[in-house]
Amino acid sequence: MTQKIRIGSRGSDLALWQANFVKNQLKSLGKEAEIKIIKTKGDQIQHLSFDKIEGKGFFTKEIEQALLDKSIDLAVHSHKDLETNSPEGLEIVAVSNREDPSELLLINKTAVDQTKFWQLKQNAVVGTSSARRKAQLLFFREDLQIKDLRGNVPTRIDKLREGNYDAILIANAGVSRLALDVSDLHAIKLPIKWFVPAPAQGALGIQIRDKDTTLRDLLSKINSTQTQEEIFIERKVLNLMNGGCQLPLGVYCEKVNQKTKVWTSIVKPNEKSIFRFYKENATPKELVNCINTVLQKEKKVFISRHLKVDSLFSKSLKEHKINVIGKSLIEVDFLKLNSIPISDWVFFNSINAVLSISKDYKEEILKRKVAAIGTSTALALQKLGYEVDFIGNGNPEKVSFDFLKTLDNASVFFPVSDRSLRTVQSKINSKQLIEQITYTIKEKKLTIPTVDLLVFTSPSNVHSFYASNKLVEDQKVIAIGPSTKKVLLGYGIKDVDVSWESSELALSDQVIAVFYSN
């Protein structure tokens, strides 16, 4: 192939960035390319919301026709815009390394309320035309008012600045790739596993004619095998659900240490609330079977935690024939302190740790950097008006590793209970570490009714349970983390599922997976 490779692309800033990205990759392989702009039906239709046109080829058909007509040699697409089956004669032969697929919530600074979930004021007007985004937004914040939003990425941001919305929700990848300045807005990158992205969001798909073996061999050199494997699972779920993006479907896959981890969120036909779950090493067919399963009778779950009115655990389960009993098996006593130690950082490893010092010592804590072990703890801090500088993601071992990179040589104070397992603290240099017991835990004796599933939220709750109860044979059990699982194994429980992180949302994901997979 001696002549220039002709790349077909839409004409938006983002599409041209994507085409130039591939053009530069080809240049690094010694191949020259040129870009041909093609207008698509999706560019011309502005009166339909995205849930009516996404995934149906509205942004790709004209480009694909140009490939078939041989007026271009390859096409670069946002992979999530593609139909799940390529037209006859065409094939996706390479995908890019994936840009961060998270959603970006951009808020006008006049609409920021640090005490609210996602830091967005009550009854805010949020712009999005995606059915998936609408469904998940309203799951987390029922008070929000959703208003349709169209246009390319800069246009949507300008509409926010003009005051048409209090906030808008867009893909982080677009803002990142275009290096857009949004410093005049309050930007929050939503956690991927909480707010599940569209299948293949953040990945580019490179499409050619299936008989063009020379170009196939060349493009194999820029293909990301890991991204290809991950988005295959995401897109296959979409395909098995008949491929309609009118379904508010989010699927996100990670392949880590020989494990395939998948988070799924969907609103099923004739249902109002999202149905979300997490599974490991499941095939796309098994994931779809989980979605399509119908419980024949109601289930009962006990969780060793007093649940608040706005509990995400209860909210995730109540619409899906799962009744929840929430009772803490421990008593927490917050100690009266004369002072808290001087430090550069304060690390909160639980909501109880937050409650133990955050009100009495707010003025002092605000002068320091603040770390939270996970999203739930961070949200508790934000509701109290704190800015969180570090939010852990994953199990305690991973959080420890990530926090050490952030901590560097600074000092850190941990407010802890008298039964702290010291999982994170044990990884920190003793010269940098300060610990103080700020609350104590005492077991309560409670008899727990027979339920279909037990969910334990701490090792102390496990010990308290066994002081007054016994497990029935074949009882299903979920643990909030590895430490709680270890204690359960010590009591002879052989089969314990562990939530993907230490949060109520992750626990409810695991409950759904247990009941709807059996």
# chains A, B, ... in the order shown; residues from 1 in each chain; ligands from 1

$ select_by_dssp --residues "stretch 245-329 of chain A" --states "strand (DSSP E or B)" --output "ChimeraX atom specification"
/A:249-256,259-266,275-280,299-303,322-326

$ closest_atom_pairs --of "stretch 426-466 of chain A" --to "stretch 491-495 of chain A" --cutoff "12 Å" --atoms "only C-alpha atoms" --output "JSON lines"
{"residue": "A:Leu454", "atom": "CA", "partner": "A:Ile493", "partner_atom": "CA", "distance": 11.9}
{"residue": "A:Pro459", "atom": "CA", "partner": "A:Tyr491", "partner_atom": "CA", "distance": 11.3}
{"residue": "A:Val462", "atom": "CA", "partner": "A:Tyr491", "partner_atom": "CA", "distance": 9.1}
{"residue": "A:His463", "atom": "CA", "partner": "A:Tyr491", "partner_atom": "CA", "distance": 9.1}
{"residue": "A:Phe465", "atom": "CA", "partner": "A:Tyr491", "partner_atom": "CA", "distance": 11.0}
{"residue": "A:Tyr466", "atom": "CA", "partner": "A:Tyr491", "partner_atom": "CA", "distance": 8.5}

$ residues_around --residues "stretch 433-443 of chain A" --least-positions-apart "6" --cutoff "10 Å" --atoms "only C-alpha atoms" --output "VMD selection string"
chain A and resid 328 to 337 340 to 343 345 to 347 352 to 357 410 to 420 422 425 to 427 460 to 465 467

$ closest_atom_pairs --of "stretch 40-154 of chain A" --to "stretch 201-223 of chain A" --cutoff "9 Å" --atoms "only C-alpha atoms" --output "Markdown table"
| residue | atom | partner | partner_atom | distance |
| --- | --- | --- | --- | --- |
| A:Glu64 | CA | A:Gln207 | CA | 8.3 |
| A:Leu67 | CA | A:Arg209 | CA | 6.7 |
| A:Leu68 | CA | A:Arg209 | CA | 7.0 |
| A:Lys70 | CA | A:Arg209 | CA | 8.6 |
| A:Asp73 | CA | A:Ile208 | CA | 6.4 |
| A:Leu74 | CA | A:Ile208 | CA | 4.8 |
| A:Ala75 | CA | A:Gln207 | CA | 5.1 |
| A:Val76 | CA | A:Ile206 | CA | 4.8 |
| A:His77 | CA | A:Gly205 | CA | 5.2 |
| A:Ser78 | CA | A:Leu204 | CA | 4.9 |
| A:His79 | CA | A:Gly205 | CA | 4.8 |
| A:Lys80 | CA | A:Gln201 | CA | 5.5 |
| A:Asp81 | CA | A:Gln201 | CA | 8.9 |
| A:Leu82 | CA | A:Gly205 | CA | 8.4 |
| A:Ser86 | CA | A:Gln207 | CA | 8.9 |
| A:Glu88 | CA | A:Asp210 | CA | 8.7 |
| A:Gly89 | CA | A:Asp210 | CA | 5.5 |
| A:Leu90 | CA | A:Arg209 | CA | 4.4 |
| A:Glu91 | CA | A:Asp210 | CA | 5.3 |
| A:Ile92 | CA | A:Gln207 | CA | 4.3 |
| A:Val93 | CA | A:Gln207 | CA | 6.1 |
| A:Ala94 | CA | A:Asn223 | CA | 4.7 |
| A:Val95 | CA | A:Gly205 | CA | 4.8 |
| A:Ser96 | CA | A:Leu204 | CA | 5.3 |
| A:Asn97 | CA | A:Ala203 | CA | 6.7 |
| A:Arg98 | CA | A:Ala203 | CA | 4.7 |
| A:Glu99 | CA | A:Gly202 | CA | 4.8 |
| A:Asp100 | CA | A:Gly202 | CA | 6.2 |
| A:Pro101 | CA | A:Gly202 | CA | 4.7 |
| A:Ser102 | CA | A:Gly202 | CA | 8.2 |

$ write_last_selection --atoms "N, CA and C atoms" --output "tab-separated table (two decimals), in the first residue's frame"
chain	number	residue	atom	x	y	z
A	64	GLU	N	-19.93	4.11	6.74
A	64	GLU	CA	-19.83	2.69	6.36
A	64	GLU	C	-20.13	2.50	4.87
A	67	LEU	N	-17.11	3.29	2.90
A	67	LEU	CA	-16.18	2.16	2.94
A	67	LEU	C	-16.56	1.12	1.88
A	68	LEU	N	-17.84	0.79	1.85
A	68	LEU	CA	-18.31	-0.21	0.89
A	68	LEU	C	-18.13	0.28	-0.54
A	70	LYS	N	-15.77	2.11	-1.51
A	70	LYS	CA	-14.32	2.23	-1.69
A	70	LYS	C	-13.85	3.67	-1.92
A	73	ASP	N	-10.72	4.13	2.89
A	73	ASP	CA	-10.09	2.83	3.18
A	73	ASP	C	-10.38	2.33	4.58
A	74	LEU	N	-10.56	3.27	5.50
A	74	LEU	CA	-10.90	2.87	6.87
A	74	LEU	C	-11.74	3.95	7.51
A	75	ALA	N	-12.48	3.56	8.52
A	75	ALA	CA	-13.32	4.50	9.27
A	75	ALA	C	-12.96	4.43	10.74
A	76	VAL	N	-12.97	5.60	11.38
A	76	VAL	CA	-12.74	5.66	12.83
A	76	VAL	C	-14.05	6.07	13.49
A	77	HIS	N	-14.52	5.23	14.42
A	77	HIS	CA	-15.80	5.48	15.08
A	77	HIS	C	-15.61	5.54	16.60
A	78	SER	N	-16.48	6.31	17.27
A	78	SER	CA	-16.68	6.08	18.70
A	78	SER	C	-17.37	4.73	18.79
A	79	HIS	N	-16.72	3.77	19.44
A	79	HIS	CA	-17.20	2.39	19.38
A	79	HIS	C	-18.64	2.25	19.88
A	80	LYS	N	-19.01	3.09	20.85
A	80	LYS	CA	-20.34	2.97	21.42
A	80	LYS	C	-21.44	3.39	20.44
A	81	ASP	N	-21.07	4.13	19.36
A	81	ASP	CA	-22.06	4.56	18.37
A	81	ASP	C	-22.40	3.46	17.37
A	82	LEU	N	-21.58	2.42	17.31
A	82	LEU	CA	-21.75	1.38	16.30
A	82	LEU	C	-22.87	0.41	16.64
A	86	SER	N	-21.60	-5.49	12.38
A	86	SER	CA	-21.16	-4.68	11.25
A	86	SER	C	-21.93	-5.07	10.00
A	88	GLU	N	-22.59	-6.31	6.22
A	88	GLU	CA	-21.90	-7.34	5.46
A	88	GLU	C	-20.79	-6.71	4.62
A	89	GLY	N	-19.60	-7.29	4.72
A	89	GLY	CA	-18.46	-6.79	3.96
A	89	GLY	C	-17.54	-5.89	4.76
A	90	LEU	N	-17.96	-5.50	5.98
A	90	LEU	CA	-17.14	-4.64	6.83
A	90	LEU	C	-16.81	-5.33	8.15
A	91	GLU	N	-15.74	-4.87	8.78
A	91	GLU	CA	-15.32	-5.49	10.04
A	91	GLU	C	-14.53	-4.50	10.89
A	92	ILE	N	-14.77	-4.54	12.21
A	92	ILE	CA	-13.93	-3.79	13.15
A	92	ILE	C	-12.69	-4.65	13.41
A	93	VAL	N	-11.53	-4.17	13.00
A	93	VAL	CA	-10.32	-5.00	13.11
A	93	VAL	C	-9.36	-4.51	14.19
A	94	ALA	N	-9.61	-3.32	14.73
A	94	ALA	CA	-8.72	-2.81	15.79
A	94	ALA	C	-9.49	-1.84	16.67
A	95	VAL	N	-9.08	-1.78	17.92
A	95	VAL	CA	-9.64	-0.81	18.86
A	95	VAL	C	-8.48	-0.12	19.57
A	96	SER	N	-8.72	1.11	20.00
A	96	SER	CA	-7.68	1.87	20.68
A	96	SER	C	-7.58	1.47	22.14
A	97	ASN	N	-6.47	1.88	22.77
A	97	ASN	CA	-6.45	1.86	24.23
A	97	ASN	C	-7.60	2.73	24.71
A	98	ARG	N	-8.27	2.30	25.74
A	98	ARG	CA	-9.49	2.96	26.16
A	98	ARG	C	-9.19	4.21	26.98
A	99	GLU	N	-9.80	5.32	26.58
A	99	GLU	CA	-9.79	6.52	27.42
A	99	GLU	C	-10.65	6.24	28.64
A	100	ASP	N	-10.40	6.90	29.75
A	100	ASP	CA	-11.21	6.76	30.96
A	100	ASP	C	-12.70	6.85	30.57
A	101	PRO	N	-13.48	5.76	30.77
A	101	PRO	CA	-14.87	5.75	30.31
A	101	PRO	C	-15.88	6.35	31.28
A	102	SER	N	-15.41	7.02	32.30
A	102	SER	CA	-16.33	7.55	33.30
A	102	SER	C	-17.14	8.72	32.76

$ atom_distance --atom1 "atom CA of A:Lys297" --atom2 "atom CA of A:Arg276"
19.1 Å
